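Visitor: Please find one structure pasted underneath; my questions will follow.
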Amino acid sequence: MLTVSNITKQFRGESAPILKNISFTVNAGERVGLIGPNGVGKTTLIQIIIGQLKADAGSIIFTPLSLRIGYLAQALPFDDAALIRDVLFPGGNSVAEAEAEVERLAGALAHAAGEAYDRLALAYAEALERLERLGAVTTSGDAERVLAGLGLADVPLDAPVGTLSGGQKTRLGLAALLLDNPQLLILDEPTNHLDVTGIEWLEAWLREFKGGALIVSHDRTFLDQIVTGVVALDEKTHTARFIAGGYSDYVRVVQSEFDKQWAAWRDQQVEIARLEADVHRWKEKAMRKENATKNDHQRRLAKKVAKRGKAKETRLKQYLDSDERVEKPIPAWPLRLGLLEAIEPLPSGREIVTLEKLSIGYDAAAPLLANLDLRLLAGERVVVMGPNGQGKSTLLKTIIGELPPLAGRVRVASSVKIGYLAQEQETLDPNATPLSTLQAAAPFNETEARTFLHFFLFAGDEALRPVRQLSFGERSCLMLAVMVARGANLLVLDEPINHLDVPARERFEAAMSAYRGSVLAVVHDRYFVDKLATKVWYVENGALREEFRTPVGELEKVSL
């Protein structure tokens, strides 16, 4: 269905191409994940595939040429004045036109013969297919099922698009795309504004989809559940490689290659040390012989020894310059974790947050959650999950004291120092810099602050950029740095990884694994939850269900 062949793209003014000789295929029934760090060229590649950008070299081939392509962009160009119905059913007004065209062609066929008949028969078949497709979209129950699955069942179809939130607009675009019956799907971050229920519905829909799909996603569990192969873009070489299976299969392959390269590099270092010692030994031997005697015969022997030492030195140089020399592998995640390990934890098992008959929300007559009796213990990592709009963020804001309870109370132990990461980093000053933000939070001089920020991926002049110019992922890292610098022993995080790419998510997870304090977080990423959560508070329909977990990380420790 889709053949990407040797695509190369370099933007004007850049010293290297962002994409170099990218090749892969997507066939019917295949769902291919396109992964890589932010800025590596994933969106550029998609824009080339759909024709919004032109490649410098290579080709994009669709089979057949008339392939119906459904494309979901991260930013959707909706007119706020348009009706939701018109966005969902853009062909709705065309049904009558399609019916008229079928009738016209049927009448013409009745009086045609020869080549004219063949031409009209082909046009009639295409018109009939178009009418059936338009009619199926507007009259079947598919629309109701798709809208319900994406959490839009209660949205009035005659309302303007402008009444929807940003997340609802994304889900509306996805619903319209799925209802258009595409043969090839190209999805750029389809799960970004979906809760767990919506993601699981989309997974089920995609498993039944008969066409092909190319999917950009940072949701690793979603990729594991859905994709049949992974195309990974490399930010260093700007090339791509294909690995069959899901995201976990890709990780296993990359980790295995890293381990092999590390073992080969370590063996190489042993060999280099042996050769260097050999060279040094022969040089010393030659020098001793030459200095120990004035005898011509002995001096000749010393020169032979020196010559042999020189040969060994040449051999060492050839070894070091060899194409077979193994480069030292560099771990992918450079975040320094020692700072997080240094946080002084509270005694394990101690009650640090207690909710007593707590009711939360904005209207006492209709609380989002009521009569909550819960305990958060020192050392626990609690994740709050559930559909959107159920009160997850409100619960966090009530616990930290940003919102007053409607009833009951929240007790926080006096020794608890909370670090709060807001969903959209609204606690950051957009005009400040990472350097000034950190210095306002902790008594660091400039050198100490720059060193500290370097641990959190702000190197050199990056520490001087205004916060408003930082990506959401960079802001999350800055907020984490601020909380660590302040010595927080309870992290309260509202969607901390929503805007992070996969490498940044894994850095964040590594940081959370090393962090010795307690964590309370709203997270939709099931991979994150499975790896780290010791407890889940699941919120839905005004009720909260508590579920205890053993994190995958802890299971791995036990297996070791």
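Ordering of the structure tokens sets the chain letters (A, B, ...), residue numbers begin anew at 1 in every chain, and ligands are numbered from 1 in the order given.
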I'd like the contact shell of Asn541 in chain A - 12 Å cut-off, only C-alpha atoms, skipping same-chain residues fewer than 4 positions apart - returned as an mmCIF file with C-alpha atoms, in the first residue's frame.
Guide:
```cif
data_model
loop_
_atom_site.group_PDB
_atom_site.id
_atom_site.type_symbol
_atom_site.label_atom_id
_atom_site.label_comp_id
_atom_site.auth_asym_id
_atom_site.auth_seq_id
_atom_site.Cartn_x
_atom_site.Cartn_y
_atom_site.Cartn_z
ATOM 1 C CA PRO A 367 -19.135 16.706 44.090
ATOM 2 C CA LEU A 368 -16.872 14.945 41.629
ATOM 3 C CA LEU A 369 -15.810 12.482 44.359
ATOM 4 C CA ALA A 370 -17.269 12.081 47.868
ATOM 5 C CA GLY A 386 -9.573 7.071 34.905
ATOM 6 C CA PRO A 387 -11.526 8.769 32.080
ATOM 7 C CA ASN A 388 -11.145 12.481 31.453
ATOM 8 C CA GLY A 389 -13.333 14.841 33.464
ATOM 9 C CA GLN A 390 -13.745 12.547 36.467
ATOM 10 C CA GLY A 391 -11.829 14.678 38.996
ATOM 11 C CA LYS A 392 -8.251 13.366 38.881
ATOM 12 C CA ARG A 545 -11.289 2.122 43.474
#
```
Visitor: Tell me, as a PyMOL selection string, which residues lie within 8 Å of Val382 in chain A, counting only C-alpha atoms; anything in the same chain fewer than 2 positions away does not count.
Guide: chain A and resi 376+380+384+519-521+533-537
Visitor: I'd like the neighbourhood of Thr239 in chain A as a list in words, where a residue qualifies if any of its atoms comes within 10 Å (using only C-alpha atoms), though same-chain residues fewer than 2 positions away should be ignored.
Guide: Asn6, Ile7, Thr8, Pro17, Ile18, Leu19, Lys20, Asn21, Ile22, Ser23, Val40, Ala232, Leu233, Asp234, Glu235, Lys236, Thr237 and Arg241 of chain A
Visitor: Need to verify the contact set: range 399-412 of chain A, 12 Å, only C-alpha atoms, exclusion of same-chain residues closer than 5 positions in sequence. Can you return it as a short mmCIF file (atom, residue, chain, number, x, y, z; two decimals) with C-alpha atoms, in the first residue's frame?
Guide:
```cif
data_model
loop_
_atom_site.label_atom_id
_atom_site.label_comp_id
_atom_site.auth_asym_id
_atom_site.auth_seq_id
_atom_site.Cartn_x
_atom_site.Cartn_y
_atom_site.Cartn_z
CA ARG A 350 4.58 5.99 57.64
CA GLU A 351 1.29 7.78 56.83
CA ILE A 352 2.18 11.00 55.03
CA VAL A 353 -1.20 11.95 53.47
CA THR A 354 -4.58 11.03 54.95
CA LEU A 355 -7.96 11.71 53.34
CA GLU A 356 -10.85 11.68 55.81
CA LYS A 357 -14.44 11.69 54.48
CA LEU A 358 -13.14 13.94 51.70
CA SER A 359 -15.43 15.36 49.03
CA ILE A 360 -13.93 17.31 46.13
CA GLY A 361 -15.15 19.44 43.24
CA TYR A 362 -16.59 22.88 42.58
CA ASP A 363 -20.23 22.41 43.59
CA ALA A 364 -21.14 21.07 47.03
CA ALA A 365 -24.44 19.79 45.62
CA ALA A 366 -22.64 17.73 42.96
CA PRO A 367 -19.14 16.71 44.09
CA LEU A 368 -16.87 14.94 41.63
CA LEU A 369 -15.81 12.48 44.36
CA ALA A 370 -17.27 12.08 47.87
CA ASN A 371 -16.48 10.37 51.20
CA LEU A 372 -12.91 9.41 50.34
CA ASP A 373 -11.01 7.63 53.11
CA LEU A 374 -7.52 6.94 51.77
CA ARG A 375 -3.92 6.71 52.98
CA LEU A 376 -0.71 7.49 51.15
CA LEU A 377 2.32 5.91 52.84
CA ALA A 378 5.97 6.90 52.68
CA LYS A 392 -8.25 13.37 38.88
CA SER A 393 -6.56 16.76 38.64
CA THR A 394 -9.07 18.21 41.10
CA LYS A 417 7.77 18.57 51.61
CA ILE A 418 5.63 18.55 48.46
CA GLY A 419 6.91 19.17 44.94
CA TYR A 420 4.01 19.86 42.54
CA LEU A 421 4.23 19.51 38.75
CA ALA A 422 1.18 21.10 37.14
CA LEU A 490 6.60 13.84 47.98
CA LEU A 491 6.21 14.50 44.27
CA VAL A 492 2.67 15.35 43.14
CA LEU A 493 2.64 15.14 39.33
CA ASP A 494 -0.27 15.97 37.01
CA LEU A 520 1.34 10.75 43.64
CA ALA A 521 0.72 11.17 39.91
#
```
Visitor: So how many Å separate CA of Asp525 in chain A and CA of Ile50 in chain A, to one decimal?
Guide: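 Value for the CA of Asp525 in chain A-CA of Ile50 in chain A distance: 28.7 Å.
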Visitor: Distance CA of Ala204 in chain A-CA of Phe222 in chain A, one decimal place?
Guide: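 Computing the Euclidean distance for CA of Ala204 in chain A and CA of Phe222 in chain A yields 10.7 Å.
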Visitor: Identify all residues of range 143-237 of chain A in strand (DSSP E or B) (DSSP on the backbone) and supply them as a ChimeraX atom specification.
Guide: /A:160,184-188,212-216,229-233
Visitor: Those selected residues, please, written with C-alpha atoms and delivered as a tab-separated table (two decimals), in the first residue's frame.
Guide:
```
chain	number	residue	atom	x	y	z
A	160	PRO	CA	-19.97	24.63	16.73
A	184	LEU	CA	-4.29	3.64	4.69
A	185	LEU	CA	-4.12	5.43	8.05
A	186	ILE	CA	-1.35	7.87	8.94
A	187	LEU	CA	-1.73	8.88	12.59
A	188	ASP	CA	0.49	11.45	14.32
A	212	GLY	CA	-2.47	-0.46	6.61
A	213	ALA	CA	-1.45	2.05	9.27
A	214	LEU	CA	1.62	4.19	9.96
A	215	ILE	CA	1.47	5.45	13.53
A	216	VAL	CA	3.64	7.99	15.40
A	229	GLY	CA	6.69	-3.58	13.22
A	230	VAL	CA	8.69	-0.53	14.24
A	231	VAL	CA	10.57	1.97	12.07
A	232	ALA	CA	13.09	3.71	14.35
A	233	LEU	CA	14.68	6.99	13.21
```
Visitor: List as an NGL selection string the protein and nucleic acid residues near Thr163 in chain A, meaning an atom at most 10 Å away when only C-alpha atoms are counted, but skip any in the same chain fewer than 2 places from it.
Guide: :A and (80-81 or 83-84 or 155 or 159-161 or 165-166 or 168-169)
Visitor: Neighbouring residues of Lys54 in chain A were defined as those with any atom within 10 Å, considering only C-alpha atoms; residues of the same chain fewer than 4 positions away were excluded. Please report them as an mmCIF file with C-alpha atoms, in the first residue's frame.
Guide:
```cif
data_model
loop_
_atom_site.group_PDB
_atom_site.id
_atom_site.type_symbol
_atom_site.label_atom_id
_atom_site.label_comp_id
_atom_site.auth_asym_id
_atom_site.auth_seq_id
_atom_site.Cartn_x
_atom_site.Cartn_y
_atom_site.Cartn_z
ATOM 1 C CA ILE A 7 13.892 9.385 1.145
ATOM 2 C CA THR A 8 16.461 12.105 1.903
ATOM 3 C CA LYS A 9 15.653 15.615 3.135
ATOM 4 C CA THR A 44 8.889 15.792 8.379
ATOM 5 C CA LEU A 45 8.739 12.245 7.007
ATOM 6 C CA GLN A 47 4.634 15.497 5.569
ATOM 7 C CA ILE A 48 6.720 14.094 2.715
ATOM 8 C CA ILE A 49 4.536 10.975 2.543
ATOM 9 C CA ILE A 50 1.281 12.958 2.329
ATOM 10 C CA GLY A 58 13.794 9.165 -3.097
ATOM 11 C CA SER A 59 10.186 8.319 -3.828
#
```
Visitor: Considering only C-alpha atoms, state which residue in the set A:His218, A:Asn27, A:Val529, A:Leu147 is at the smallest distance from Ala504 in chain A.
Guide: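 Checking each of A:His218, A:Asn27, A:Val529, A:Leu147 against Ala504 in chain A, counting only C-alpha atoms, the winner is A:His218.
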Visitor: Please compute the CA of Gly70 in chain A-CA of Gly51 in chain A distance, one decimal, in Å.
Guide: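 For CA of Gly70 in chain A relative to CA of Gly51 in chain A, the distance reads 13.0 Å.
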Visitor: Between A:Pro443, A:Gly29, A:Gly487, A:Gly173, which has the minimum distance to Arg207 in chain A (counting only C-alpha atoms)?
Guide: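 Going through A:Pro443, A:Gly29, A:Gly487, A:Gly173 one by one, the smallest distance to Arg207 in chain A is for A:Gly29.
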